[in-house]
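Shown next, in structure tokens, is the structure this report addresses.
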Amino acid sequence: MEGPSPKHKLVEIKKRSKSNPEKEHSSKSRGGEEPMVQTSKFLSRRLPLSTSTPTNPTSKFLPPFLSQTGTQTQTPSSSPLPPTPSFASILQQIKHQRPLQQAHALLITSALANNVFLSNRLINSYSSLGLLPIAHHIFHQMPLKNVVSWTILISGLSKNGLFTEALEVFCQMKDSGVAPNAVTFVSVLPACAHLGMIRIGKSIHGLLIRWGIEINVYVETSLVDLYAKCGSLGVARRLFDQMSERNVVSWNAIISGYSENGLGEEALNLYKRMQSNGFVPDFVTIMSLLLACSGLGRLQIGKMVHGFMIKCAFENDELVVTALMDMYVKCECIEDGYQVFCMKLVKDVVAWTLMISSFSEVGYGNKAMELFHEMIAEGDVKLDSVSLIAVLSSCARLGALQQGRRVHGLTKKIGFEDDVFVGSALIDMYANCGSLENARSVFDGMAQKDVVCWNAMIAANGMNGCGADAVGLFFQMKDLGLNPDAATYVSVLCACSHAGLVDQGICIFYSMVDELDSDVIPNLQHYACVVDLLGRAGRLNDACSLLNSMPLQPDTGVYGALLGACRNHENINLGLEISEKLFELDPQDAGYYVLLANMYAVAGNWEGVKTTRVFLRSKGLKKAPGFSSIEIDREVYAFMAGDRDHPQYDDIDKFLKALITKIEAAGYVPDTKFVFQDVADDVKRDLLYHHSEKLAIAFGLLRTQPGMAVRITKNLRMCNDCHTASKFISSAAGREIVIKDANRFHYFRDGVCSCKDYW
DNA sequence: TTAGGGTTAG
């Protein structure tokens with residue numbers, strides 16, 4: 001039974017016992033585990049079930065079971081009995097499966113097989129090694145279980161990430177009639193916190209109060225962490241402010257709560273308070289501060305934390321160093337992040353994943369893939385679902401189908417075939433590499449599909465020009481009883497927009513606005529999609545009315561969609577008006593200025609072009625240059641417009657000239673309207689011929705086998721003239737040309753594009 | 001009791 005001693009004493013004893021293994025045995029006695037009554041706080045020479053001395057000095061240096069010889073005396077069994085106190089502490093110290101199983105076997109054959117205290121220790125040891133099925137088995141075999149048995153199992157499950165199972169065991173415990181204590185609550189609350197299950201968390205909080213469980217700093221910290229992790233920062237903060245006693249962990253819980261919820265400023269402010277209250281930050285504090293800097297993009301403070309890390313010798317802590325890498329890359333200092341990564345002594349899967357996804361996000365896809373192969377070559381890095389998702393996402397961005405297929409093979413090989421997260425990433429990878437069939441076969445083969453999988457498949461159809469199928473999937477999903485979320489609506493509306501399914505898109509949008517079968521409240525992205533849908537269809541007036549009547553303040557996404565439509569439909573006056581709004585909302589985005597300059601160019605207003613460009617330069621803004629990339633033999637080659645750096649440039653140029661001559665004979669007329677520079681016509685034509693799309697197509701035709709499709713990825717929207725030229729090239733060369741641009745796929749076959757020129 | 005990396009949309 002639970003001893004009546006105050007909890008803080010237990011904490012104190014535990015702390016002491018950690019630093020002195022000899023006291024280990026007495027420390028736990030307060031929890032009521034041992035079959036003896038404790039009389040002294042720290043010293044117990046009265047040993048349960050054995051009169052042996054607690055520690056044999058040589059035993060530390062021997063394998064656990066060899067050190068037992070002759071240490072037991074008075075035992076009521078003839079079997080080889082372990083002397084309980086030493087045995088119990090040894091059980092706790094075993095760090096490997098084999099010796100633990102040997103000890104387990106020894107226990108089973110002894111008279112102590114049913115000893116609750118030893119069985120609890122055994123469960124704890126198996127849990128620590130992650131061997132939960134064995135821990136569970138022992139637990140179920142126990143004829144008598146006490147509160148500690150239940151608590152150890154709950155805690156073991158929770159610490160091994162089996163949060164749902166931990167909650168289930170907690171419920172079973174309640175039903176079994178064993179009353180949980182404070183430690184039980186401290187074990188189960190983190191499970192709720194990790195699952196983000198605020199409702200269950202609240203009811204457990206209620207139980208805690210109703211049953212009069214003693215509140216200590218551990219319980220309160222767990223509650224603060226629960227509410228903070230579930231995003232209820234107000235409640236977390238109130239509980240934190242009301243705490244009568246706080247420790248570093250309590251401060252960390254609230255600070256990391258703010259950091260993780262994107263409230264970095266508040267996290268930094270609280271840290272100042274923590275310092276002024278005399279608390280010394282530990283590695284978790286440092287990690288939370290770095291996370292706050294990452295979220296805020298506050299490089300200067302991040303660097304200060306880095307300095308502090310060096311001063312306090314945290315720079316060798318693997319977890320902290322990964323957080324430091326994250327800070328640098330999120331503050332757009334990928335080189336510094338990479339440098340920290342390279343200096344890292346132990347590169348685990350998390351560090352590799354962070355670096356791979358960072359390079360991929362900033363557009364260095366080849367570097368990301370190179371790192372992935374390096375990681376595999378290391379041999380001892382254990383891939384997990386997150387790392388696979390990161391590399392699949394990199395393949396998706398690159399449009400690297402061959403490499404993506406290899407990664408798919410790898411996911412099967414290492415047993416991640418049934419992971420819904422990996423499945424969604426695979427669908428996305430195939431969709432972004434222009435292989436809708438493969439995306440569909442992954443989708444169809446999935447044993448379980450969540451909303452994200454459906455969203456990915458809907459988006460896959462949308463971007464590959466199968467809008468009607470995307471709409472079909474949307475309704476099929478609803479028929480199956482799955483609730484579409486905000487992202488589902490974005491995917492399906494976007495699919496309608498690209499396919500020109502205006503009426504269907506509007507119907508779906510208004511079913512959401514009118515709350516018919518949907519609990520999703522339309523957000524800015526949804527409005528942007530519908531403005532885009534109307535704008536693409538040339539219904540600029542309707543798009544404007546929607547924009548003016550929407551209940552939310554339009555953002556750059558909504559205005560940007562309308563500006564795109566103004567560009568497509570050459571409505572300069574409206575374009576000018578919208579540009580003004582965009583410059584106000586986001587004066588730092590060069591893209592809008594370039595779009596306006598290009599609109600002026602299309603209208604032949606070269607004065608307007610000049611003014612806009614001068615203005616852009618005066619503000620020191622630069623837009624990311626357009627480039628087209630192509631994967632050949634698992635290598636990705638990128639081309640910029642007029643790029644003469646390629647080693648095979650002369651061959652490409654020669655081939656391209658012949659190709660242009662051929663398609664001109666077939667009726668292609670270069671459209672110099674899409675040259676946004678005021679130069680002579682022949683120069684315009686030359687500029688047009690050397691657009692990145694055309695260079696990549698020529699290179700692809702040269703380097704791939706006849707009959708093979710040429711697959712290209714462009715980072716921006718495809719140029720109109722290149723679109724026309726691609727149609728002609730597809731018939732002249734007798735090849736399928738697949739171009740993925742910033743918006744969608746274009747499949748050029750026999751002189752026709754899958755987008756039916758609606759884009 | 002606190003703890004680093006990821007998927008769908010734009």
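Chain identifiers are assigned as A, B, and so on, following the order in which chains appear in the structure tokens; residues are numbered from 1 within each chain, and ligands are numbered from 1 in order of appearance.
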
Report task. Skip B:DT1 itself and residues of its chain fewer than 4 positions away, then list as a count of residues only all residues within 6 Å of it, counting only C-alpha atoms (C1' of nucleotides). Result -> 3

Report task. Restrict the distance test to only C-alpha atoms (C1' of nucleotides), flag each residue of chain A within 7 Å of chain B, and return the flagged residues as a PyMOL selection string. Result -> chain A and resi 186+218-219+221-222+249-250+252-253+284+319-320+322-323+350-351+353-354+386-387+389-390+421-422+424-425+452-453+455-456+487+490-491

Query - Residue list (helix (DSSP H, G or I), DSSP) for stretch 706-746 of chain A, as a list in words - result: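 After running DSSP on the backbone, stretch 706-746 of chain A has helix (DSSP H, G or I) at Asn720, Asp721, Cys722, His723, Thr724, Ala725, Ser726, Lys727, Phe728, Ile729, Ser730, Ser731 and Ala732 of chain A.
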
Go ahead and save the picked residues with C-alpha atoms, as a tab-separated table (two decimals), in the first residue's frame.
```tsv
chain	number	residue	atom	x	y	z
A	720	ASN	CA	3.00	30.93	-73.26
A	721	ASP	CA	5.37	30.73	-76.19
A	722	CYS	CA	7.10	27.66	-74.75
A	723	HIS	CA	3.64	26.12	-74.30
A	724	THR	CA	2.90	26.60	-78.01
A	725	ALA	CA	6.36	25.42	-79.05
A	726	SER	CA	6.03	22.29	-76.86
A	727	LYS	CA	2.86	21.29	-78.67
A	728	PHE	CA	4.65	21.52	-82.02
A	729	ILE	CA	7.75	19.73	-80.70
A	730	SER	CA	5.66	16.83	-79.35
A	731	SER	CA	4.45	16.07	-82.89
A	732	ALA	CA	7.66	16.93	-84.71
```
